[in-house]
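> Okay, here's the structure, questions in a sec.
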Amino acid sequence: MTSKQMLNFNYPAAMNSEINNGMLLDISNELRTPLTVIQVALDLLSCGKLGTLSQEEYRMVEIATNNTERLMRLTNVIEGNIENLGIVVSDKELAQLKLERDLEKALSRNEFSLSYQPIISLKNNKVIGLEALIRWEHPYLGTIYPDQFIPLAEKSDAIIQISNWVLKEACRQLSQWQNDFPGYFDLLTVSVNISSKHLAEPNLLEQIKQVIQETGLKSKNLVLEITESAIINNKIQAQEILTELQNLGIRVCIDDFGMGYSSFSRLHELPFNVLKIDRYFVQKMNCLNGMHIIEAITNMSHNLQLEVIAEGVETLEQVFQLQSLGCNKVQGYLFAKPLENHEIADLVCGKIDFFNFSSLNLGGN
Ligand code: C2E
Ligand code: CA
Ligand code: CA
């Protein structure tokens with residue numbers, strides 16, 4: 001079963017009734033008291049007794065009030081008649097609730113792991129970096145991919161703890177590889193994805209400094225990938241943080257470039273080192289406009305002295321086109337899917353001709 005297709009998160013039927021009963025008891029026991037307190041606090045906020053609210057704050061209080069009411073209805077139904085649960089939540093919503101609940105416990109249960117996808121230089125056919133990509137090994141559902149649980153984690157503060165774990169584990173692992181295989185991993189970077197909420201964390205810089213210190217990784221070996229949209233959402237703060245990261249010697253990559261609607265003209269205001277062209281544009285390269293877009297992005301990056309990486313490279317034709325446009329750093333399934341730790345060690349230490357470069361005949365050396 002591939003979890004990428006498992007959008008409905010169907011728990012096995014036998015598991016379902018067991019989980020439902022346990023979960024329903026938990027919900028009714030755990031929710032009623034805090035919900036009552038939250039409702040009182042929200043009432044106080046919305047009637048203005050604690051000060052005037054901005055339009056945005058008022059909207060947020062309204063959303064919170066609606067959600068609290070829904071949860072209160074849910075506890076009423078559970079305590080009255082469990083059979084009627086369907087009136088309040090659909091199967092899909094219930095599955096989401098279960099998943100959110102499991103997500104909160106996943107970190108303490110050691111259910112997360114990292115895969116690493118190589119980033120390759122076409123100039124020498126060598127691995128120059130590794131992107132750390134999180135996986136969740138769910139006890140009933142199997143592997144769950146980040147597209148399916150990162151948005152859920154972002155709804156709560158779980159994303160902060162998860163992001164910190166990823167940062168620490170990725171730095172620890174690269175540092176360990178450097179110690180275990182002297183000479184092979186020294187120049188490699190590890191790229192860690194930073195979510196919008198994590199970027200807005202007031203003590204993000206402190207956390208990063210602490211991780212660097214604890215793991216012993218050099219800051220030049222760390223790259224933080226931040227999407228265009230996360231930057232736009234946090235523009236003012238992002239500028240400050242990016243500058244401080246540069247001062248620490250940590251490199252910053254603008255991820256999914258082209259998808260976040262930021263204007264090219266604003267780009268030079270932000271201190272970046274690397275730009276990653278989104279795979280959408282790589283896939284569109286077989287039409288003329290697609291080629292022109294990649295060419296424009298590559299030229300602009302070079303003029304701004306930015307390193308440029310094309311992601312989602314799946315065919316040799318794309319590799320040749322990218323080379324002809326001056327884009328020589330690539331990442332994609334053609335070379336490798338995200339790999340496990342031992343596979344990365346074998347690959348970087350050259351134990352296997354993983355990419356079969358000789359047969360790809362790319363012209364590097
Ligand atoms: P992303 O940062 O754009 O990461 C690249 C995604 O594209 C990965 O999916 C990777 O497996 C996939 N990919 C790589 N090469 C190819 C290719 O040639 N073709 C296609 N079709 N796909 C390719 P994955 O691992 O499922 O991650 C999805 C997204 O989840 C990531 O997109 C990133 O936004 C987010 N994510 C992953 N790990 C983390 C994390 O630790 N923290 C946060 N905040 N987000 C993460
Ligand atoms: Ca990324
Ligand atoms: Ca990306």
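Ligands are numbered from 1 in the order shown, chains are lettered A, B, ... in the order of the structure tokens, and residues start at 1 in each chain.
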Taking only residues of chain A that have an atom at most 10 Å from an atom of ligand 3, what is each one's shortest atom pair and its distance in Å to one decimal, using only C-alpha atoms and all ligand atoms, in chain and number order, as a Markdown table?


```
| residue | atom | partner | partner_atom_place_in_ligand_line | distance |
| --- | --- | --- | --- | --- |
| A:Glu131 | CA | ligand 3 | 1 (Ca) | 9.8 |
| A:Asn193 | CA | ligand 3 | 1 (Ca) | 8.9 |
| A:Glu225 | CA | ligand 3 | 1 (Ca) | 8.2 |
| A:Ile226 | CA | ligand 3 | 1 (Ca) | 8.9 |
| A:Thr227 | CA | ligand 3 | 1 (Ca) | 7.6 |
| A:Cys253 | CA | ligand 3 | 1 (Ca) | 9.8 |
| A:Ile254 | CA | ligand 3 | 1 (Ca) | 8.7 |
| A:Asp255 | CA | ligand 3 | 1 (Ca) | 4.9 |
| A:Asp256 | CA | ligand 3 | 1 (Ca) | 4.3 |
| A:Phe257 | CA | ligand 3 | 1 (Ca) | 7.7 |
| A:Met259 | CA | ligand 3 | 1 (Ca) | 9.7 |
| A:Leu275 | CA | ligand 3 | 1 (Ca) | 9.9 |
| A:Lys276 | CA | ligand 3 | 1 (Ca) | 6.7 |
| A:Ile277 | CA | ligand 3 | 1 (Ca) | 7.5 |
| A:Asp278 | CA | ligand 3 | 1 (Ca) | 5.7 |
| A:Arg279 | CA | ligand 3 | 1 (Ca) | 7.3 |
| A:Tyr280 | CA | ligand 3 | 1 (Ca) | 9.7 |
| A:Ile309 | CA | ligand 3 | 1 (Ca) | 9.9 |
| A:Ala310 | CA | ligand 3 | 1 (Ca) | 9.1 |
| A:Glu311 | CA | ligand 3 | 1 (Ca) | 6.7 |
| A:Gly312 | CA | ligand 3 | 1 (Ca) | 8.3 |
| A:Gln331 | CA | ligand 3 | 1 (Ca) | 9.8 |
```

> Could you please write out, as a VMD selection string, every residue of region 136-321 of chain A that DSSP assigns to helix (DSSP H, G or I)?

chain A and resid 146 to 155 158 to 180 196 to 199 204 to 215 219 to 221 228 to 233 235 to 248 264 to 267 279 to 286 288 to 303 316 to 321

> Rounded to one decimal place, report the CA of Thr215 (chain A)-CA of Thr189 (chain A) distance in Å.

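The value is 14.3 Å.
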
> Using only C-alpha atoms and all ligand atoms, can you tell me which of A:Phe149, A:Phe272, A:Tyr333, A:Tyr116 comes closest to ligand 2?

A:Tyr116

> Rank nothing, just name the residue among A:Ile63, A:Gln173, A:Pro151, A:Leu31 nearest to His342 (chain A), using only C-alpha atoms.

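Comparing A:Ile63, A:Gln173, A:Pro151, A:Leu31 against His342 (chain A), the winner is A:Gln173.
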
> In terms of the shortest atom-to-atom distance over only C-alpha atoms and all ligand atoms, which of A:Gly216, A:Gly51, A:Pro271, A:Pro118 is closest to ligand 2?

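The closest residue to ligand 2 is A:Pro118.
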
> So that I can see what lies close to Leu152 (chain A), please list as a ChimeraX atom specification the residues with an atom at most 10 Å from it, counting only C-alpha atoms and leaving out residues fewer than 4 positions away in the same chain.

/A:96-97,99-100,103,146-148,156-159

> Just the selected residues (C-alpha atoms), exported as an mmCIF file, in the first residue's frame, please.


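Contents of the output file part31.cif:
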```cif
data_model
loop_
_atom_site.group_PDB
_atom_site.id
_atom_site.type_symbol
_atom_site.label_atom_id
_atom_site.label_comp_id
_atom_site.auth_asym_id
_atom_site.auth_seq_id
_atom_site.Cartn_x
_atom_site.Cartn_y
_atom_site.Cartn_z
ATOM 1 C CA GLN A 96 -8.494 13.623 10.335
ATOM 2 C CA LEU A 97 -9.215 13.991 14.050
ATOM 3 C CA LEU A 99 -4.638 11.513 12.644
ATOM 4 C CA GLU A 100 -4.202 14.822 14.465
ATOM 5 C CA LEU A 103 0.432 13.166 15.271
ATOM 6 C CA PRO A 146 4.831 14.919 4.616
ATOM 7 C CA ASP A 147 2.324 16.445 2.198
ATOM 8 C CA GLN A 148 -0.333 14.622 4.211
ATOM 9 C CA SER A 156 -1.187 23.280 15.846
ATOM 10 C CA ASP A 157 2.145 23.926 17.502
ATOM 11 C CA ALA A 158 3.197 20.354 16.718
ATOM 12 C CA ILE A 159 5.040 21.715 13.685
#
```

> Looking only at strand (DSSP E) from DSSP on the backbone, list the matching residues of region 158-222 of chain A as a list in words.

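Selecting the strand (DSSP E) positions of region 158-222 of chain A gives Thr189, Val190, Ser191, Val192, Asn193, Ile194 and Leu222 of chain A.
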
> Neighbours of Leu204 (chain A) within 10 Å (only C-alpha atoms; same-chain residues fewer than 4 positions away dropped), as a PyMOL selection string?

chain A and resi 160+164+198-200+208-210+241

> Could you tell me how far atom 1 (P, counted along the ligand's line) of ligand 1 sits from CA of Cys287 (chain A), in Å to one decimal place?

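Separation between CA of Cys287 (chain A) and atom 1 (P, counted along the ligand's line) of ligand 1: 23.6 Å.
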
> Measuring between only C-alpha atoms, which one of A:Gly249, A:Gln283, A:Glu295, A:Ala153 shows the shortest distance to Arg101 (chain A)?

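Closest candidate: A:Ala153.
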
> Please report the interatomic distance between CA of Ile128 (chain A) and atom 30 (O, counted along the ligand's line) of ligand 1 in Å with one decimal.

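Calculated distance between CA of Ile128 (chain A) and atom 30 (O, counted along the ligand's line) of ligand 1 is 20.9 Å.
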
> Hey, which of A:Glu307, A:Asp102, A:Glu154, A:Asp180 ends up closest to Pro139 (chain A)? Count only C-alpha atoms.

A:Asp102

> Identify which of the residues A:His302, A:Asn273, A:Leu133, A:Pro202 lies closest to ligand 2, counting only C-alpha atoms and all ligand atoms when measuring atom-to-atom distances.

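Counting only C-alpha atoms and all ligand atoms, the residue closest to ligand 2 is A:Leu133.
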
> Quick one: residues within 12 Å of region 40-42 of chain A, only C-alpha atoms, excluding same-chain residues fewer than 6 positions away - as a VMD selection string?

chain A and resid 33 to 34 48 to 50 53 57 to 69

> How about saving the chosen residues, N, CA and C atoms kept, as a PDB file, in the first residue's frame?


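Listing of result_22.pdb after writing:
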```pdb
ATOM      1  N   THR A  33     -13.920  19.938  30.079  1.00  0.00           N
ATOM      2  CA  THR A  33     -13.453  21.004  30.985  1.00  0.00           C
ATOM      3  C   THR A  33     -12.693  22.103  30.228  1.00  0.00           C
ATOM      4  N   PRO A  34     -11.656  21.740  29.446  1.00  0.00           N
ATOM      5  CA  PRO A  34     -10.969  22.832  28.732  1.00  0.00           C
ATOM      6  C   PRO A  34     -11.873  23.585  27.769  1.00  0.00           C
ATOM      7  N   GLY A  48     -15.373  42.320  23.785  1.00  0.00           N
ATOM      8  CA  GLY A  48     -14.511  43.504  23.911  1.00  0.00           C
ATOM      9  C   GLY A  48     -14.109  43.843  25.339  1.00  0.00           C
ATOM     10  N   LYS A  49     -14.419  42.950  26.293  1.00  0.00           N
ATOM     11  CA  LYS A  49     -14.107  43.256  27.715  1.00  0.00           C
ATOM     12  C   LYS A  49     -12.599  43.267  27.958  1.00  0.00           C
ATOM     13  N   LEU A  50     -11.854  42.591  27.073  1.00  0.00           N
ATOM     14  CA  LEU A  50     -10.400  42.538  27.287  1.00  0.00           C
ATOM     15  C   LEU A  50      -9.661  43.491  26.342  1.00  0.00           C
ATOM     16  N   LEU A  53     -10.610  44.528  19.500  1.00  0.00           N
ATOM     17  CA  LEU A  53      -9.938  43.592  18.595  1.00  0.00           C
ATOM     18  C   LEU A  53      -9.846  44.180  17.192  1.00  0.00           C
ATOM     19  N   GLU A  57      -8.164  39.900  14.193  1.00  0.00           N
ATOM     20  CA  GLU A  57      -8.275  39.197  15.480  1.00  0.00           C
ATOM     21  C   GLU A  57      -9.721  38.742  15.725  1.00  0.00           C
ATOM     22  N   TYR A  58     -10.670  39.622  15.333  1.00  0.00           N
ATOM     23  CA  TYR A  58     -12.076  39.284  15.531  1.00  0.00           C
ATOM     24  C   TYR A  58     -12.435  38.038  14.711  1.00  0.00           C
ATOM     25  N   ARG A  59     -11.892  38.009  13.473  1.00  0.00           N
ATOM     26  CA  ARG A  59     -12.164  36.870  12.589  1.00  0.00           C
ATOM     27  C   ARG A  59     -11.606  35.571  13.202  1.00  0.00           C
ATOM     28  N   MET A  60     -10.430  35.691  13.804  1.00  0.00           N
ATOM     29  CA  MET A  60      -9.815  34.506  14.405  1.00  0.00           C
ATOM     30  C   MET A  60     -10.609  34.019  15.616  1.00  0.00           C
ATOM     31  N   VAL A  61     -11.109  34.979  16.396  1.00  0.00           N
ATOM     32  CA  VAL A  61     -11.919  34.594  17.559  1.00  0.00           C
ATOM     33  C   VAL A  61     -13.188  33.903  17.086  1.00  0.00           C
ATOM     34  N   GLU A  62     -13.744  34.419  15.980  1.00  0.00           N
ATOM     35  CA  GLU A  62     -14.979  33.835  15.448  1.00  0.00           C
ATOM     36  C   GLU A  62     -14.750  32.383  15.010  1.00  0.00           C
ATOM     37  N   ILE A  63     -13.625  32.166  14.308  1.00  0.00           N
ATOM     38  CA  ILE A  63     -13.301  30.806  13.853  1.00  0.00           C
ATOM     39  C   ILE A  63     -13.130  29.889  15.064  1.00  0.00           C
ATOM     40  N   ALA A  64     -12.405  30.393  16.074  1.00  0.00           N
ATOM     41  CA  ALA A  64     -12.165  29.583  17.283  1.00  0.00           C
ATOM     42  C   ALA A  64     -13.497  29.267  17.977  1.00  0.00           C
ATOM     43  N   THR A  65     -14.401  30.261  18.009  1.00  0.00           N
ATOM     44  CA  THR A  65     -15.700  30.038  18.663  1.00  0.00           C
ATOM     45  C   THR A  65     -16.476  28.945  17.932  1.00  0.00           C
ATOM     46  N   ASN A  66     -16.494  29.020  16.600  1.00  0.00           N
ATOM     47  CA  ASN A  66     -17.213  28.001  15.820  1.00  0.00           C
ATOM     48  C   ASN A  66     -16.652  26.611  16.071  1.00  0.00           C
ATOM     49  N   ASN A  67     -15.314  26.535  16.073  1.00  0.00           N
ATOM     50  CA  ASN A  67     -14.686  25.228  16.282  1.00  0.00           C
ATOM     51  C   ASN A  67     -14.966  24.694  17.689  1.00  0.00           C
ATOM     52  N   THR A  68     -14.947  25.606  18.659  1.00  0.00           N
ATOM     53  CA  THR A  68     -15.206  25.170  20.037  1.00  0.00           C
ATOM     54  C   THR A  68     -16.641  24.664  20.169  1.00  0.00           C
ATOM     55  N   GLU A  69     -17.566  25.385  19.506  1.00  0.00           N
ATOM     56  CA  GLU A  69     -18.971  24.947  19.566  1.00  0.00           C
ATOM     57  C   GLU A  69     -19.121  23.560  18.958  1.00  0.00           C
TER      58      GLU A  69
END
```
